[in-house]
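Chemist: First the structure, then my questions, so here it is.
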Amino acid sequence: MDPSPIALPWGLELAPVGLPEFVALTQQFDPVGSRLVLTLSNRSNEAWEPRELRLRATLDVPAVDGFTWIQGRYMQMDALVHRFGAELPDGYDGRYARERDGTRTFVTREVLALELPARAVPAFVAGVLRTDRFFFDAAIELDPDETAVQAIEFSFDLRGAVVAPGGDLELPPVLMLEGRDLYALIERYADTVAREMRARVPERPLTGWCSWYQFYNRVSEADVLRNLEELRTGGFPLDFVQIDDGYQSATGDWLTPNERFPSGMEALAERIREAGFTPGLWLAPLLLHENSATLRDHPDLALRTPSGETWFVDTWLGRCAVLDCTKPEAEEWLRGVIRTVVHEWGYAYLKLDALAYGAANPGDVRYAEPGTTAPAHLRRALEIIRDAAGDETFILGCTCHFGPAIGLVDAMRVGPDVKEVWADGPDPSVRHAVRLSLMRNWMHGRWWVNDPDCLIARTTGTALSEPEVRFLATGIAMSGGMVVLGDDLAKLPPARRDLALSLVPPSGVAARPIDPSEAPVPSAWRADLGDARYLVGILNDGDSARWFLRDELVLPGEVAFDPFNGRVLGMGDVLLRPHEGLVLQVTGRGLTPRVVGDSGSLLYGRLYQRQVSGRVQVGNQGNRPRVVAIEARGQVFEVDLDPGKKRWFD
């Protein structure tokens with residue numbers, strides 16, 4: 001191994017583990033760009049098919065008061081804060097923690113974020129900058145009691161790659177940063193990846209309605225039209241109406257709707273457009289159900305095992321084959337589906353699900369194009385879809401590896417499914433969806449717009465209490481991402497409808513944790529909206545009531561308004577019920593009267609404001625009453641404002 005010419009951050013010395021003798025590893029570190037570039041050279045006379053590159057740096061650093069931000073590589077994988085020496089929290093699948101050979105190891109995907117106060121420079125972040133060909137893992141090895149960090153390991157999954165005799169394989173660069181603000185380093189990593197992979201970030205998060213969480217796969221054309229009418233007449237200022245799983249005759253037979261959609265999907269898209277909304281459609285475009293007509297008529301579209309048989313996976317959609325996008329005929333079929341859905345039917349919003357199955361590991365499958373890796377195949381599939389759909393089509397990725405999708409999707413589901421239950425371990429629930437989504441706030445506005453999943457606000461057909469609905473609403477607000485309603489809207493009581501509409505429009509700003517070291521997920525978050533305005537969210541996911549200190553949430557001189565309850569926050573601390581969330585509109589004091597709170601909208605949507613010579617005029621342009629708070633000369637006034645009414649304040 002050639003030595004690195006310049007010392008790495010944190011003084012790390014990386015050595016390869018288990019590398020064949022005929023392979024040379026070169027390390028080059030650019031201190032200006034903080035990039036480590038690794039090159040593998042095959043010095044044999046035969047082609048080499050590597051499986052993995054492991055690099056290990058030995059340490060002996062006390063872990064006291066240290067912690068790590070653990071990340072999974074797609075929405076269902078664990079994401080949490082672990083404080084060293086603490087018990088592992090419940091409700092996660094726990095695959096990030098491993099016990100072996102008298103050590104405890106924590107594994108994170110694509111990016112390592114670690115803080116050890118015992119070091120002079122405590123924070124360290126290392127992450128791969130291109131995520132479209134190889135997966136990258138990082139591991140932190142400690143003693144069994146987690147009193148000391150013994151080693152850091154990096155590993156590249158190289159399965160599928162082929163290095164010619166005498167040839168080189170240059171791996172994607174690894175960004176390595178040290179500093180004192182761990183969260184700022186994570187954000188810097190995300191910004192660098194975004195530039196490297198030319199991320200797509202829409203100007204604002206979209207809002208919409210989705211059929212899944214009310215009707216699931218039993219949705220009908222009548223269900224969609226009934227909610228479309230409620231959206232049109234009920235004053236819902238949303239962008240899209242999205243039909244989820246349940247319209248197709250079979251998974252894979254996307255162009256043949258079932259009997260519950262008698263008018264056809266093109267006619268339904270036209271009805272949605274006429275009502276003033278963008279038509280949206282769900283697809284799992286890489287899966288072909290074993291009983292689908294597509295697989296029966298075109299078996300050669302699918303991935304094959306090394307022995308030549310069709311490769312099947314068991315999914316929530318049934319037993320399915322997976323498209324091999326390296327085959328010309330499969331590419332043409334996929335292009336045809338997307339062209340029809342987007343350009344003939346008119347669906348300008350696509351929710352693409354089950355994409356992770358496209359990242360099949362070489363060895364399990366035989367790609368038609370040699371040298372294809374798992375993330376490269378998923379990337380190829382998304383490139384085909386983006387090209388066929390066109391640049392103007394809004395694409396949301398779901399159950400998708402994050403890295404290969406950067407630059408190709410506009411939005412990404414970053415947490416698991418919600419469900420009309422509070423908690424169910426690592427399975428879909430409000431608690432798990434919110435906590436995993438918030439742990440990925442650093443992606444929002446950098447790689448895409450985050451989708452924290454739908455709001456379920458109904459009072460019937462649900463096990464969620466009012467505090468739990470507020471918990472979900474708070475998590476969505478703090479994400480800064482998309483706001484999508486998931487109820488049968490005509491059945492929403494007025495109070496729940498008001499809660500749902502208070503999230504529209506989204507802030508677009510992902511909140512940052514007030515204490516990034518709080519495990520397993522920070523409970524207090526703050527989003528800077530500019531102009532001395534903030535949103536602060538607090539979340540109690542425990543089974544007992546919890547007090548939050550006001551001085552840790554609101555700075556001296558700031559005014560805080562509780563829009564869920566329509567009142568100014570007092571000077572005392574805040575008590576949240578079990579499973580409750582709360583959003584505060586926080587405003588610094590100004591020289592002239594101004595609005596500092598609004599129960600109608602977290603972002604003051606549909607509230608007219610005009611400031612003239614030390615006076616402010618406000619008007620309710622919405623269709624429901626709201627409470628507005630005005631601050632002037634150190635005093636705060638709460639006023640009820642009916643629809644269409646305007647008032648002046650001196």
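Residues are referred to by chain and number: the chain letter is A, B, ... according to the order shown in the structure tokens, the number counts from 1 in that chain, and ligands are numbered separately from 1 in the order shown.
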I need the residues of range 171-260 of chain A that end up classed as strand (DSSP E or B) by DSSP on the backbone, written out as a list of chain:residue names.

Modeler: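 Filtering range 171-260 of chain A down to strand (DSSP E or B) leaves A:Val174, A:Leu175, A:Met176, A:Leu177, A:Glu178, A:Gly179, A:Thr207, A:Gly208, A:Trp209, A:Cys210, A:Phe240, A:Val241, A:Gln242, A:Ile243, A:Gln248, A:Pro257.
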
Chemist: Residues within 7 Å of range 581-594 of chain A, please, as number ranges by chain. Count only C-alpha atoms; anything in the same chain fewer than 2 positions from it doesn't count.

Modeler: A: 467, 470-471, 474, 532-540, 557-563, 579, 596-597, 602, 614-616, 630-632, 650

Chemist: Between A:Ala330, A:Leu438, A:Leu549, A:Ala161, which is the closest to His298 in chain A once you count only C-alpha atoms?

Modeler: A:Ala330

Chemist: Considering only C-alpha atoms, state which residue in the set A:Val313, A:Leu301, A:Met482, A:Ala118 is at the smallest distance from Met412 in chain A.

Modeler: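 Looking at the shortest contact to Met412 in chain A, the residue is A:Met482.
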
Chemist: Near Val201 in chain A, within 9 Å and counting only C-alpha atoms, which residues show up once chain neighbours fewer than 5 positions away are dropped, as number ranges by chain?

Modeler: A: 407, 409-411, 444-449

Chemist: Restricting it to N, CA, C and O atoms, dump the selection as a PDB file, in the first residue's frame.

Modeler:
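Below is the file that was written, selection06.pdb:
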ATOM      1  N   GLY A 407     -30.275  13.419  -8.016  1.00  0.00           N
ATOM      2  CA  GLY A 407     -30.188  14.028  -9.339  1.00  0.00           C
ATOM      3  C   GLY A 407     -31.239  13.551 -10.310  1.00  0.00           C
ATOM      4  O   GLY A 407     -31.358  14.104 -11.409  1.00  0.00           O
ATOM      5  N   VAL A 409     -34.618  12.203  -8.973  1.00  0.00           N
ATOM      6  CA  VAL A 409     -35.945  12.381  -8.394  1.00  0.00           C
ATOM      7  C   VAL A 409     -36.056  13.779  -7.808  1.00  0.00           C
ATOM      8  O   VAL A 409     -35.069  14.403  -7.433  1.00  0.00           O
ATOM      9  N   ASP A 410     -37.294  14.262  -7.726  1.00  0.00           N
ATOM     10  CA  ASP A 410     -37.558  15.585  -7.155  1.00  0.00           C
ATOM     11  C   ASP A 410     -37.831  15.504  -5.659  1.00  0.00           C
ATOM     12  O   ASP A 410     -37.635  16.485  -4.939  1.00  0.00           O
ATOM     13  N   ALA A 411     -38.314  14.370  -5.211  1.00  0.00           N
ATOM     14  CA  ALA A 411     -38.655  14.184  -3.800  1.00  0.00           C
ATOM     15  C   ALA A 411     -38.387  12.741  -3.426  1.00  0.00           C
ATOM     16  O   ALA A 411     -38.313  11.860  -4.284  1.00  0.00           O
ATOM     17  N   HIS A 444     -33.067  17.259   3.151  1.00  0.00           N
ATOM     18  CA  HIS A 444     -34.100  18.105   2.552  1.00  0.00           C
ATOM     19  C   HIS A 444     -33.510  19.409   2.019  1.00  0.00           C
ATOM     20  O   HIS A 444     -32.714  20.075   2.687  1.00  0.00           O
ATOM     21  N   GLY A 445     -33.920  19.775   0.800  1.00  0.00           N
ATOM     22  CA  GLY A 445     -33.446  21.002   0.193  1.00  0.00           C
ATOM     23  C   GLY A 445     -32.030  20.917  -0.329  1.00  0.00           C
ATOM     24  O   GLY A 445     -31.498  21.900  -0.851  1.00  0.00           O
ATOM     25  N   ARG A 446     -31.421  19.757  -0.161  1.00  0.00           N
ATOM     26  CA  ARG A 446     -30.065  19.538  -0.671  1.00  0.00           C
ATOM     27  C   ARG A 446     -30.069  18.470  -1.762  1.00  0.00           C
ATOM     28  O   ARG A 446     -29.540  18.684  -2.848  1.00  0.00           O
ATOM     29  N   TRP A 447     -30.651  17.305  -1.459  1.00  0.00           N
ATOM     30  CA  TRP A 447     -30.702  16.224  -2.442  1.00  0.00           C
ATOM     31  C   TRP A 447     -32.026  16.208  -3.188  1.00  0.00           C
ATOM     32  O   TRP A 447     -32.099  15.698  -4.303  1.00  0.00           O
ATOM     33  N   TRP A 448     -33.058  16.741  -2.576  1.00  0.00           N
ATOM     34  CA  TRP A 448     -34.428  16.721  -3.090  1.00  0.00           C
ATOM     35  C   TRP A 448     -35.313  17.393  -2.063  1.00  0.00           C
ATOM     36  O   TRP A 448     -34.821  17.987  -1.090  1.00  0.00           O
ATOM     37  N   VAL A 449     -36.624  17.288  -2.220  1.00  0.00           N
ATOM     38  CA  VAL A 449     -37.572  17.662  -1.181  1.00  0.00           C
ATOM     39  C   VAL A 449     -37.924  16.392  -0.410  1.00  0.00           C
ATOM     40  O   VAL A 449     -38.252  15.367  -1.004  1.00  0.00           O
TER      41      VAL A 449
END

Chemist: Write out as a compact mmCIF listing (two decimals) with N, CA and C atoms, in the first residue's frame each polymer residue whose atoms come within 8 Å of Ala376 in chain A, counting only C-alpha atoms; drop sequence neighbours fewer than 4 positions from it.

Modeler:
# COMPACT_ATOMS: atom_id res chain seq x y z
N ASP A 132 -23.64 6.19 -6.93
CA ASP A 132 -24.36 5.62 -8.07
C ASP A 132 -23.74 4.34 -8.61
N ARG A 133 -22.64 3.86 -8.01
CA ARG A 133 -22.06 2.60 -8.50
C ARG A 133 -21.75 1.61 -7.37
N PHE A 134 -21.29 2.10 -6.23
CA PHE A 134 -20.93 1.20 -5.13
C PHE A 134 -21.59 1.67 -3.84
N ALA A 359 -32.14 -2.88 -6.93
CA ALA A 359 -30.72 -2.94 -6.56
C ALA A 359 -30.38 -4.36 -6.12
N THR A 372 -22.29 -4.74 -14.15
CA THR A 372 -23.35 -3.97 -13.50
C THR A 372 -23.37 -4.26 -12.01
N ARG A 380 -29.61 3.15 -13.36
CA ARG A 380 -29.98 3.03 -14.77
C ARG A 380 -31.49 3.04 -14.94
N PRO A 404 -28.40 6.25 -5.20
CA PRO A 404 -28.52 6.18 -6.66
C PRO A 404 -29.58 7.10 -7.24

Chemist: Just to confirm, what's the straight-line distance from CA of Thr459 in chain A to CA of Val224 in chain A in Å (one decimal)?

Modeler: 20.0 Å

Chemist: Run DSSP on the backbone and give me the residues of range 219-398 of chain A it puts in helix (DSSP H, G or I), as number ranges by chain.

Modeler: A: 221-233, 265-274, 293-297, 299-301, 328-345, 355-358, 374-389

Chemist: Write the residues of the selection above to a file with C-alpha atoms, as a compact mmCIF listing (two decimals), in the first residue's frame.

Modeler:
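Result file follows (out.txt):
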# COMPACT_ATOMS: atom_id res chain seq x y z
CA GLU A 221 -62.67 5.70 -9.25
CA ALA A 222 -65.71 6.78 -7.20
CA ASP A 223 -63.53 7.27 -4.09
CA VAL A 224 -61.16 9.51 -6.01
CA LEU A 225 -63.94 11.57 -7.61
CA ARG A 226 -65.71 12.06 -4.29
CA ASN A 227 -62.56 13.42 -2.70
CA LEU A 228 -61.77 15.47 -5.78
CA GLU A 229 -65.12 17.23 -5.40
CA GLU A 230 -64.42 17.87 -1.71
CA LEU A 231 -61.04 19.34 -2.61
CA ARG A 232 -62.62 21.57 -5.25
CA THR A 233 -65.47 22.89 -3.13
CA MET A 265 -57.03 6.33 -16.18
CA GLU A 266 -56.77 8.91 -18.95
CA ALA A 267 -60.35 10.11 -18.34
CA LEU A 268 -59.73 10.29 -14.59
CA ALA A 269 -56.60 12.38 -15.12
CA GLU A 270 -58.65 14.79 -17.21
CA ARG A 271 -61.23 15.14 -14.43
CA ILE A 272 -58.44 15.94 -11.95
CA ARG A 273 -56.97 18.59 -14.24
CA GLU A 274 -60.39 20.17 -14.85
CA ALA A 293 -49.91 -10.75 -18.09
CA THR A 294 -46.71 -8.79 -18.71
CA LEU A 295 -44.49 -11.48 -17.18
CA ARG A 296 -46.46 -14.25 -18.87
CA ASP A 297 -46.16 -12.63 -22.30
CA PRO A 299 -40.63 -13.41 -19.51
CA ASP A 300 -37.34 -12.16 -20.95
CA LEU A 301 -37.87 -8.73 -19.36
CA PRO A 328 -32.79 -3.39 -24.45
CA GLU A 329 -36.24 -4.98 -24.52
CA ALA A 330 -36.81 -4.23 -20.83
CA GLU A 331 -35.69 -0.64 -21.30
CA GLU A 332 -38.09 -0.19 -24.20
CA TRP A 333 -40.98 -1.71 -22.21
CA LEU A 334 -40.27 0.60 -19.25
CA ARG A 335 -40.04 3.64 -21.52
CA GLY A 336 -43.35 2.69 -23.07
CA VAL A 337 -45.13 2.48 -19.72
CA ILE A 338 -43.81 5.85 -18.56
CA ARG A 339 -44.53 7.54 -21.91
CA THR A 340 -48.11 6.29 -21.83
CA VAL A 341 -48.76 7.27 -18.21
CA VAL A 342 -47.19 10.72 -18.49
CA HIS A 343 -47.61 11.87 -22.09
CA GLU A 344 -50.79 10.05 -23.15
CA TRP A 345 -52.75 9.72 -19.91
CA LEU A 355 -37.51 0.71 -6.28
CA ALA A 356 -35.11 -0.91 -3.82
CA TYR A 357 -35.77 -4.31 -5.41
CA GLY A 358 -34.00 -3.01 -8.49
CA ALA A 374 -26.61 -3.17 -7.61
CA PRO A 375 -26.76 0.63 -7.23
CA ALA A 376 -25.74 1.10 -10.87
CA HIS A 377 -28.74 -0.95 -12.00
CA LEU A 378 -31.14 1.09 -9.88
CA ARG A 379 -29.54 4.26 -11.20
CA ARG A 380 -29.98 3.03 -14.77
CA ALA A 381 -33.66 2.33 -14.15
CA LEU A 382 -34.21 5.84 -12.81
CA GLU A 383 -32.32 7.37 -15.73
CA ILE A 384 -34.63 5.56 -18.15
CA ILE A 385 -37.71 6.71 -16.25
CA ARG A 386 -36.55 10.32 -15.99
CA ASP A 387 -35.71 10.46 -19.69
CA ALA A 388 -39.05 8.97 -20.71
CA ALA A 389 -41.06 11.12 -18.30

Chemist: In Å, rounded to a single decimal, give me how far CA of Ser249 in chain A is from CA of Asn217 in chain A.

Modeler: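 Going from CA of Asn217 in chain A over to CA of Ser249 in chain A, I get 11.1 Å.
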
Chemist: Would you please work out which residue, of A:Val163, A:Val241, A:Leu436, A:Ala63, is nearest to Ala79 in chain A when using only C-alpha atoms?

Modeler: A:Leu436

Chemist: Between range 361-479 of chain A and range 511-523 of chain A, at 9 Å or less, what are the per-residue closest atom pairs and their distances in Å? Count only C-alpha atoms, order by chain and rising residue number, and return it as CSV.

Modeler:
residue,atom,partner,partner_atom,distance
A:Arg435,CA,A:Val521,CA,6.3
A:Leu436,CA,A:Val521,CA,8.3
A:Leu438,CA,A:Val521,CA,8.0
A:Met439,CA,A:Val521,CA,7.0
A:Asn441,CA,A:Ala511,CA,7.0
A:Trp442,CA,A:Arg512,CA,8.0
A:Ala477,CA,A:Ala511,CA,8.7
A:Met478,CA,A:Ala511,CA,5.3
A:Ser479,CA,A:Ala511,CA,6.3

Chemist: The selected residues should be written to file as a short mmCIF file (atom, residue, chain, number, x, y, z; two decimals), in the first residue's frame (atoms: N, CA, C and O atoms).

Modeler:
data_model
loop_
_atom_site.label_atom_id
_atom_site.label_comp_id
_atom_site.auth_asym_id
_atom_site.auth_seq_id
_atom_site.Cartn_x
_atom_site.Cartn_y
_atom_site.Cartn_z
N ARG A 435 -39.97 9.64 13.60
CA ARG A 435 -38.61 9.70 14.11
C ARG A 435 -37.57 9.37 13.05
O ARG A 435 -36.49 9.97 13.04
N LEU A 436 -37.86 8.48 12.13
CA LEU A 436 -36.90 8.22 11.06
C LEU A 436 -36.86 9.37 10.06
O LEU A 436 -35.79 9.73 9.55
N LEU A 438 -37.39 12.63 10.62
CA LEU A 438 -36.67 13.78 11.17
C LEU A 438 -35.17 13.55 11.17
O LEU A 438 -34.39 14.50 10.99
N MET A 439 -34.75 12.31 11.36
CA MET A 439 -33.32 12.02 11.35
C MET A 439 -32.69 12.22 9.97
O MET A 439 -31.46 12.17 9.83
N ASN A 441 -33.62 15.00 8.07
CA ASN A 441 -33.88 16.39 7.69
C ASN A 441 -32.72 17.01 6.94
O ASN A 441 -32.91 17.92 6.12
N TRP A 442 -31.49 16.55 7.20
CA TRP A 442 -30.31 17.12 6.55
C TRP A 442 -30.30 16.88 5.05
O TRP A 442 -29.58 17.56 4.30
N ALA A 477 -44.52 19.16 9.90
CA ALA A 477 -44.15 20.57 9.86
C ALA A 477 -42.65 20.76 10.02
O ALA A 477 -42.03 21.58 9.34
N MET A 478 -42.04 20.00 10.93
CA MET A 478 -40.61 20.16 11.19
C MET A 478 -39.76 19.61 10.04
O MET A 478 -38.60 19.99 9.89
N SER A 479 -40.31 18.72 9.24
CA SER A 479 -39.55 18.21 8.10
C SER A 479 -39.30 19.29 7.06
O SER A 479 -38.32 19.22 6.32
#

Chemist: Counting only C-alpha atoms, what is within 9 Å of range 603-608 of chain A, bar same-chain residues fewer than 6 positions away, as a ChimeraX atom specification?

Modeler: /A:502-507,585,595,597,617-622,646

Chemist: Keeping C-alpha atoms for every residue in the selection just given, could you write it to a file as a PDB file, in the first residue's frame?

Modeler:
ATOM      1  CA  SER A 502     -52.656  24.753   9.037  1.00  0.00           C
ATOM      2  CA  LEU A 503     -49.738  22.793   7.530  1.00  0.00           C
ATOM      3  CA  VAL A 504     -50.379  24.316   4.083  1.00  0.00           C
ATOM      4  CA  PRO A 505     -48.246  25.770   2.609  1.00  0.00           C
ATOM      5  CA  PRO A 506     -45.169  23.939   3.926  1.00  0.00           C
ATOM      6  CA  SER A 507     -42.319  26.059   5.211  1.00  0.00           C
ATOM      7  CA  GLN A 585     -44.562  30.112  15.754  1.00  0.00           C
ATOM      8  CA  VAL A 595     -48.320  39.486  13.179  1.00  0.00           C
ATOM      9  CA  GLY A 597     -49.050  34.066  15.357  1.00  0.00           C
ATOM     10  CA  GLN A 617     -53.799  45.608   8.709  1.00  0.00           C
ATOM     11  CA  VAL A 618     -54.647  41.923   8.614  1.00  0.00           C
ATOM     12  CA  GLY A 619     -57.357  40.131   6.691  1.00  0.00           C
ATOM     13  CA  ASN A 620     -58.608  36.558   6.623  1.00  0.00           C
ATOM     14  CA  GLN A 621     -58.567  35.393   2.997  1.00  0.00           C
ATOM     15  CA  GLY A 622     -59.355  31.820   3.986  1.00  0.00           C
ATOM     16  CA  LYS A 646     -60.005  42.835   7.916  1.00  0.00           C
TER      17      LYS A 646
END

Chemist: Considering only C-alpha atoms, state which residue in the set A:Arg458, A:Arg119, A:Arg51, A:Arg319 is at the smallest distance from Arg159 in chain A.

Modeler: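 Looking only at the distances to Arg159 in chain A, the closest residue turns out to be A:Arg51.
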
Chemist: Range 21-35 of chain A: which residues within 10 Å, counting only C-alpha atoms, same-chain residues fewer than 6 positions away excluded, as a PyMOL selection string?

Modeler: chain A and resi 1-9+14-15+41-45+48+50+53+126-129+166+168-170+172-178+192

Chemist: Skip Arg366 in chain A itself and residues of its chain fewer than 2 positions away, then list as a PDB file with C-alpha atoms, in the first residue's frame all residues within 8 Å of it, counting only C-alpha atoms.

Modeler:
ATOM      1  CA  LEU A 303     -33.691 -10.582 -14.092  1.00  0.00           C
ATOM      2  CA  ARG A 304     -32.305 -14.112 -14.131  1.00  0.00           C
ATOM      3  CA  THR A 305     -30.460 -16.120 -11.530  1.00  0.00           C
ATOM      4  CA  PRO A 306     -26.915 -17.255 -12.355  1.00  0.00           C
ATOM      5  CA  GLY A 308     -30.746 -18.875 -15.866  1.00  0.00           C
ATOM      6  CA  PRO A 362     -24.681  -9.563  -8.447  1.00  0.00           C
ATOM      7  CA  GLY A 363     -24.304 -13.162  -7.431  1.00  0.00           C
ATOM      8  CA  ASP A 364     -28.017 -13.378  -6.650  1.00  0.00           C
ATOM      9  CA  ALA A 368     -27.486  -8.887 -19.046  1.00  0.00           C
TER      10      ALA A 368
END

Chemist: I need the residue nearest Gly346 in chain A from this list: A:Phe277, A:Glu290, A:Lys645, A:Leu323. Use only C-alpha atoms for the distance.

Modeler: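 Looking only at the distances to Gly346 in chain A, the closest residue turns out to be A:Phe277.
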
Chemist: Which residue out of A:Gly644, A:Gln242, A:Ala524, A:Leu19 has the minimum interatomic distance to Leu40 in chain A when only C-alpha atoms are used?

Modeler: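 Ranking A:Gly644, A:Gln242, A:Ala524, A:Leu19 by distance to Leu40 in chain A, first place goes to A:Leu19.
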
Chemist: CA of Val574 in chain A and CA of His432 in chain A are how many Å apart?

Modeler: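 Answer for the CA of Val574 in chain A to CA of His432 in chain A separation: 23.6 Å.
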